[in-house]
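For reference, target_11.cif is printed below; it contains mmCIF, C-alpha atoms and all ligand atoms.
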```
data_coords
loop_
_atom_site.label_atom_id
_atom_site.label_comp_id
_atom_site.auth_asym_id
_atom_site.auth_seq_id
_atom_site.Cartn_x
_atom_site.Cartn_y
_atom_site.Cartn_z
CA MET A 1 0.00 0.00 0.00
CA ASN A 2 1.43 3.41 -0.94
CA LEU A 3 1.24 5.90 1.90
CA TYR A 4 2.49 9.45 1.30
CA ILE A 5 2.81 12.35 3.69
CA TYR A 6 3.48 15.91 2.69
CA HIS A 7 5.40 17.35 5.62
CA ALA A 8 4.97 21.10 5.99
CA LYS A 9 7.61 21.39 8.74
CA GLN A 10 5.26 23.17 11.13
CA CYS A 11 5.44 20.67 13.97
CA ASP A 12 7.57 19.64 16.92
CA PRO A 13 9.63 16.89 15.24
CA LYS A 14 9.88 14.93 18.52
CA ARG A 15 6.09 14.48 18.66
CA CYS A 16 5.36 14.26 14.95
CA THR A 17 3.69 10.98 14.01
CA ALA A 18 4.38 11.60 10.30
CA LEU A 19 8.14 11.79 10.70
CA LYS A 20 8.06 8.63 12.79
CA MET A 21 5.95 6.87 10.14
CA GLY A 22 8.65 7.87 7.65
CA LYS A 23 11.44 6.57 9.88
CA MET A 24 9.65 3.26 10.41
CA GLY A 25 9.34 2.84 6.65
CA TYR A 26 5.51 3.02 6.76
CA ALA A 27 5.17 6.12 4.58
CA LYS A 28 7.09 8.21 2.09
CA ILE A 29 7.72 11.72 3.43
CA LEU A 30 7.52 14.43 0.77
CA THR A 31 8.57 18.03 1.20
CA ASN A 32 8.28 19.46 -2.31
CA PRO A 33 4.65 20.51 -2.93
CA ARG A 34 5.18 20.26 -6.71
CA ARG A 35 5.99 16.58 -6.51
CA LEU A 36 2.92 15.29 -4.70
CA PRO A 37 1.03 12.33 -6.16
CA ARG A 38 -2.18 13.96 -7.48
CA ASN A 39 -4.09 10.68 -7.81
CA ALA A 40 -3.72 9.48 -4.22
CA ILE A 41 -6.61 10.12 -1.82
CA LEU A 42 -5.79 13.32 0.04
CA LEU A 43 -6.96 13.24 3.66
CA ASN A 44 -8.49 16.67 4.09
CA PRO A 45 -10.53 17.30 7.27
CA TYR A 46 -12.48 20.03 5.39
CA ALA A 47 -13.47 17.91 2.36
CA GLU A 48 -17.20 17.36 1.86
CA LYS A 49 -17.01 13.70 0.91
CA THR A 50 -16.01 11.19 3.56
CA VAL A 51 -13.69 8.23 3.20
CA SER A 52 -15.73 5.08 2.62
CA PHE A 53 -15.54 1.51 1.37
CA GLU A 54 -16.14 2.96 -2.13
CA ASP A 55 -12.56 4.28 -1.99
CA ARG A 56 -11.11 0.80 -1.63
CA ASP A 57 -9.87 0.52 -5.23
CA ILE A 58 -8.32 4.01 -5.30
CA VAL A 59 -6.57 3.29 -2.01
CA GLU A 60 -5.07 0.14 -3.48
CA LYS A 61 -4.18 1.63 -6.87
CA ASN A 62 -3.08 5.18 -5.99
CA GLY A 63 -2.50 5.18 -2.25
CA ILE A 64 -3.31 7.61 0.55
CA MET A 65 -1.76 11.00 1.20
CA ALA A 66 -1.92 12.98 4.44
CA LEU A 67 -0.74 16.53 4.88
CA ASP A 68 1.16 16.95 8.09
CA CYS A 69 0.86 20.57 9.17
CA SER A 70 -0.06 22.49 12.30
CA TRP A 71 -3.80 22.41 13.15
CA LYS A 72 -3.60 26.19 13.57
CA GLN A 73 -2.68 26.58 9.91
CA ALA A 74 -4.53 23.58 8.48
CA GLU A 75 -7.54 25.43 7.05
CA GLU A 76 -5.29 27.80 5.07
CA VAL A 77 -2.95 25.02 3.94
CA PHE A 78 -5.82 22.87 2.63
CA LYS A 79 -7.30 25.78 0.62
CA LYS A 80 -4.18 25.61 -1.57
CA THR A 81 -4.42 21.90 -2.36
CA ASN A 82 -5.62 20.70 -5.74
CA SER A 83 -5.62 16.93 -5.46
CA LYS A 84 -8.34 15.23 -7.49
CA THR A 85 -9.71 13.04 -4.73
CA GLN A 86 -10.05 14.66 -1.32
CA ARG A 87 -11.76 13.02 1.62
CA SER A 88 -12.54 13.85 5.23
CA LEU A 89 -12.88 11.14 7.84
CA PRO A 90 -16.24 10.49 9.44
CA PHE A 91 -16.80 11.22 13.12
CA LEU A 92 -14.03 9.58 15.18
CA VAL A 93 -12.29 10.71 18.34
CA ALA A 94 -8.55 11.13 18.79
CA GLY A 95 -6.68 8.64 20.97
CA ASN A 96 -3.35 10.47 20.89
CA PRO A 97 -1.99 12.09 24.07
CA VAL A 98 -2.14 15.66 22.65
CA ASN A 99 -5.78 15.77 21.53
CA TYR A 100 -7.17 12.76 23.42
CA GLY A 101 -10.96 12.49 23.16
CA LYS A 102 -11.35 15.41 20.73
CA PRO A 103 -13.54 14.69 17.72
CA CYS A 104 -11.99 14.67 14.24
CA LYS A 105 -8.64 16.19 15.26
CA LEU A 106 -6.57 13.13 14.47
CA THR A 107 -2.86 12.72 14.06
CA THR A 108 -1.53 11.79 10.66
CA LEU A 109 -1.03 8.26 11.98
CA GLU A 110 -4.63 7.96 13.26
CA ALA A 111 -6.08 9.40 10.04
CA THR A 112 -4.14 6.88 7.97
CA ILE A 113 -5.12 3.96 10.21
CA ALA A 114 -8.79 5.00 10.04
CA THR A 115 -8.74 5.27 6.24
CA LEU A 116 -7.22 1.82 5.82
CA TYR A 117 -9.70 0.32 8.31
CA ILE A 118 -12.77 1.90 6.69
CA ALA A 119 -11.63 0.79 3.22
CA ASP A 120 -11.34 -2.71 4.71
CA TYR A 121 -7.59 -2.96 4.72
CA LYS A 122 -7.67 -3.86 8.40
CA GLU A 123 -4.51 -5.90 8.43
CA GLU A 124 -2.58 -2.95 6.98
CA ALA A 125 -4.24 -0.64 9.52
CA TYR A 126 -3.18 -2.82 12.46
CA LYS A 127 0.40 -3.04 11.18
CA LEU A 128 0.74 0.73 11.66
CA LEU A 129 0.17 0.37 15.41
CA ASN A 130 3.64 -1.13 15.84
CA GLY A 131 6.04 1.43 17.27
CA PHE A 132 3.38 3.79 18.66
CA LYS A 133 2.61 2.98 22.32
CA TRP A 134 -0.71 4.83 22.47
CA ALA A 135 -2.03 3.99 18.99
CA HIS A 136 -4.05 0.90 19.99
CA THR A 137 -6.14 3.30 22.14
CA PHE A 138 -7.34 4.98 18.95
CA ILE A 139 -8.78 1.75 17.60
CA GLU A 140 -10.21 0.72 21.00
CA LEU A 141 -11.95 4.08 21.47
CA ASN A 142 -13.43 3.99 17.97
CA LYS A 143 -13.87 0.26 17.34
CA LYS A 144 -17.69 0.30 17.09
CA LEU A 145 -17.69 3.31 14.79
CA LEU A 146 -14.89 1.96 12.59
CA ASP A 147 -16.67 -1.38 12.23
CA PHE A 148 -19.89 0.41 11.34
CA TYR A 149 -18.22 2.65 8.72
CA CYS A 150 -16.30 -0.23 7.12
CA GLY A 151 -18.37 -1.47 4.17
CA LYS A 152 -20.69 1.58 4.03
CA THR A 153 -20.96 4.08 1.17
CA SER A 154 -20.09 7.73 1.65
CA ASP A 155 -23.81 8.69 1.51
CA GLU A 156 -24.69 6.11 4.17
CA ILE A 157 -21.93 7.44 6.42
CA ILE A 158 -23.09 11.06 5.99
CA GLU A 159 -26.68 10.06 6.86
CA PHE A 160 -25.47 8.22 9.96
CA GLN A 161 -23.37 11.22 10.99
CA LYS A 162 -26.31 13.59 10.64
CA GLU A 163 -28.35 11.38 12.98
CA LEU A 164 -25.45 11.03 15.42
CA LEU A 165 -24.82 14.76 15.62
CA LYS A 166 -28.36 16.11 15.29
CA ASP A 167 -28.71 16.90 19.01
CA VAL A 168 -25.22 18.34 19.35
CA LYS A 169 -25.10 22.12 19.14
C1 LIG B 1 -3.16 18.64 10.83
S1 LIG B 1 -1.98 17.32 10.76
C2 LIG B 1 -1.42 17.24 12.44
C3 LIG B 1 -0.33 16.20 12.54
C4 LIG B 1 0.22 15.99 13.92
N1 LIG B 1 1.11 17.03 14.26
C5 LIG B 1 0.92 14.64 14.00
O1 LIG B 1 1.99 14.52 14.62
O2 LIG B 1 0.38 13.65 13.47
C6 LIG B 1 -2.96 15.82 10.67
C7 LIG B 1 -3.30 15.39 9.25
O3 LIG B 1 -3.96 14.11 9.30
C8 LIG B 1 -5.08 14.10 8.42
N2 LIG B 1 -6.33 14.18 9.22
C9 LIG B 1 -6.45 14.34 10.56
N3 LIG B 1 -7.75 14.37 10.94
C10 LIG B 1 -8.48 14.21 9.80
C11 LIG B 1 -9.87 14.15 9.51
N4 LIG B 1 -10.80 14.25 10.47
N5 LIG B 1 -10.25 13.98 8.22
C12 LIG B 1 -9.32 13.86 7.23
N6 LIG B 1 -8.00 13.92 7.44
C13 LIG B 1 -7.57 14.09 8.70
C14 LIG B 1 -4.94 15.35 7.54
O4 LIG B 1 -4.14 15.08 6.41
C15 LIG B 1 -4.29 16.32 8.52
O5 LIG B 1 -3.70 17.40 7.89
#
```

Just give me the structure as structure tokens.
Ligand SMILES: C[S@@+](CC[C@H](N)C(=O)[O-])C[C@H]1O[C@@H](n2cnc3c(N)ncnc32)[C@H](O)[C@@H]1O
Amino acid sequence: MNLYIYHAKQCDPKRCTALKMGKMGYAKILTNPRRLPRNAILLNPYAEKTVSFEDRDIVEKNGIMALDCSWKQAEEVFKKTNSKTQRSLPFLVAGNPVNYGKPCKLTTLEATIATLYIADYKEEAYKLLNGFKWAHTFIELNKKLLDFYCGKTSDEIIEFQKELLKDVK
């Protein structure tokens, strides 16, 4: 599976999950914005369409790309992206020590794990847990949701999310 991460160098390198994914050989770290793979699925928290099982073939053929930047600058950074296929992740909560329990604010590692799981590449998703002490917490916290999303279409996931969040203001 091809995993790419554009690294915007806006983070604390000691805590950055992307750099560690690169070091562990899980993902290719890219720093030149002109050389990004345009056909990979770009994980964009602001994209309208969510990741779903329908993305399974694209994930296998073209891979997944995350954009590792600071959350403070993320909205601006994503406005400049022009990848063909951009996807947000459905409602999930972070299991990482920095944003533990916060909805949707996932690390690059968590976002990649979730995408693989939802597209039913569970074995590949579990392999990424190795080397990250806290990462199993992400799957444990979200297991029911991840199992529900896996196999659903993007429209089905959006409908479910609307129901889930309708009483939240
Ligand atoms: C903003 S960076 C923060 C990275 C963090 N410093 C780390 O060490 O992992 C996280 C990236 O993961 C992906 N991501 C995180 N949450 C997401 C979501 N809810 N939907 C889609 N992509 C998401 C995006 O590519 C996002 O830019």

Please tabulate, as a Markdown table, the residues of chain A that come within 6 Å of ligand LIG 1 (chain B), each with its closest pair of atoms and the distance in Å to one decimal, counting only C-alpha atoms and all ligand atoms and ordering rows by chain, then residue number upward.
```
| residue | atom | partner | partner_atom | distance |
| --- | --- | --- | --- | --- |
| A:Cys11 | CA | B:LIG1 | N1 | 5.7 |
| A:Arg15 | CA | B:LIG1 | O1 | 5.8 |
| A:Cys16 | CA | B:LIG1 | O1 | 3.4 |
| A:Thr17 | CA | B:LIG1 | O1 | 4.0 |
| A:Ala18 | CA | B:LIG1 | O2 | 5.5 |
| A:Leu43 | CA | B:LIG1 | N6 | 4.0 |
| A:Asn44 | CA | B:LIG1 | C12 | 4.3 |
| A:Pro45 | CA | B:LIG1 | N5 | 3.5 |
| A:Ala66 | CA | B:LIG1 | O4 | 3.6 |
| A:Leu67 | CA | B:LIG1 | O4 | 4.0 |
| A:Asp68 | CA | B:LIG1 | S1 | 4.1 |
| A:Cys69 | CA | B:LIG1 | S1 | 4.6 |
| A:Ser70 | CA | B:LIG1 | C1 | 5.2 |
| A:Trp71 | CA | B:LIG1 | C1 | 4.5 |
| A:Ala74 | CA | B:LIG1 | C1 | 5.6 |
| A:Ser88 | CA | B:LIG1 | N5 | 3.8 |
| A:Leu89 | CA | B:LIG1 | N5 | 3.9 |
| A:Cys104 | CA | B:LIG1 | N4 | 4.0 |
| A:Lys105 | CA | B:LIG1 | N3 | 4.8 |
| A:Leu106 | CA | B:LIG1 | N3 | 3.9 |
| A:Thr107 | CA | B:LIG1 | O2 | 3.4 |
| A:Thr108 | CA | B:LIG1 | O3 | 3.6 |
| A:Leu109 | CA | B:LIG1 | O2 | 5.8 |
| A:Ala111 | CA | B:LIG1 | N2 | 4.9 |
```

Option closest in space to Pro103 in chain A, from A:Pro33, A:Pro13, A:Pro90, A:Gly151 [counting all atoms listed in the file]:
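Of A:Pro33, A:Pro13, A:Pro90, A:Gly151, the one nearest Pro103 in chain A is A:Pro90, counting all atoms listed in the file.
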
Nearest to Glu124 in chain A by atom-to-atom distance, counting all atoms listed in the file, from A:Phe78, A:Phe160, A:Phe148, A:Tyr26:
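The shortest atom-to-atom distance to Glu124 in chain A comes from A:Tyr26.
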
Distance query Arg87 in chain A at most 7 Å, only C-alpha atoms, self and fewer than 2 positions along chain excluded, as an MDAnalysis selection string:
chainID A and resid 41:44 47:51 85 89

Test item: residues at most 10 Å from range 136-141 of chain A, all atoms listed in the file, excluding those fewer than 2 positions along its chain, as a list of chain:residue names:
A:Leu92, A:Val93, A:Ala94, A:Gly95, A:Asn96, A:Pro97, A:Tyr100, A:Gly101, A:Leu106, A:Leu109, A:Glu110, A:Ile113, A:Ala114, A:Tyr117, A:Ala125, A:Tyr126, A:Leu128, A:Leu129, A:Asn130, A:Phe132, A:Lys133, A:Trp134, A:Lys143, A:Lys144, A:Leu145, A:Leu146

CA of Phe53 in chain A to CA of Phe91 in chain A, straight-line distance in Å:
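Atom-to-atom, CA of Phe91 in chain A and CA of Phe53 in chain A are spaced 15.3 Å apart.
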
Counting all atoms listed in the file, figure out which residue out of A:Val98, A:Ala135, A:Leu30, A:Met24 gets nearest to Lys9 in chain A.
A:Leu30

Please measure the separation of CA of Arg56 in chain A and CA of Cys150 in chain A, giving the value in Å to one decimal.
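Separation between CA of Arg56 in chain A and CA of Cys150 in chain A: 10.2 Å.
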
What's the separation between CA of Asn99 in chain A and CA of Leu3 in chain A, in Å to one decimal place?
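Going from CA of Asn99 in chain A over to CA of Leu3 in chain A, I get 23.1 Å.
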
With distances taken over only C-alpha atoms, the candidate from A:Leu19, A:Leu36, A:Val59, A:Ala119 nearest Ser83 in chain A is A:Leu36
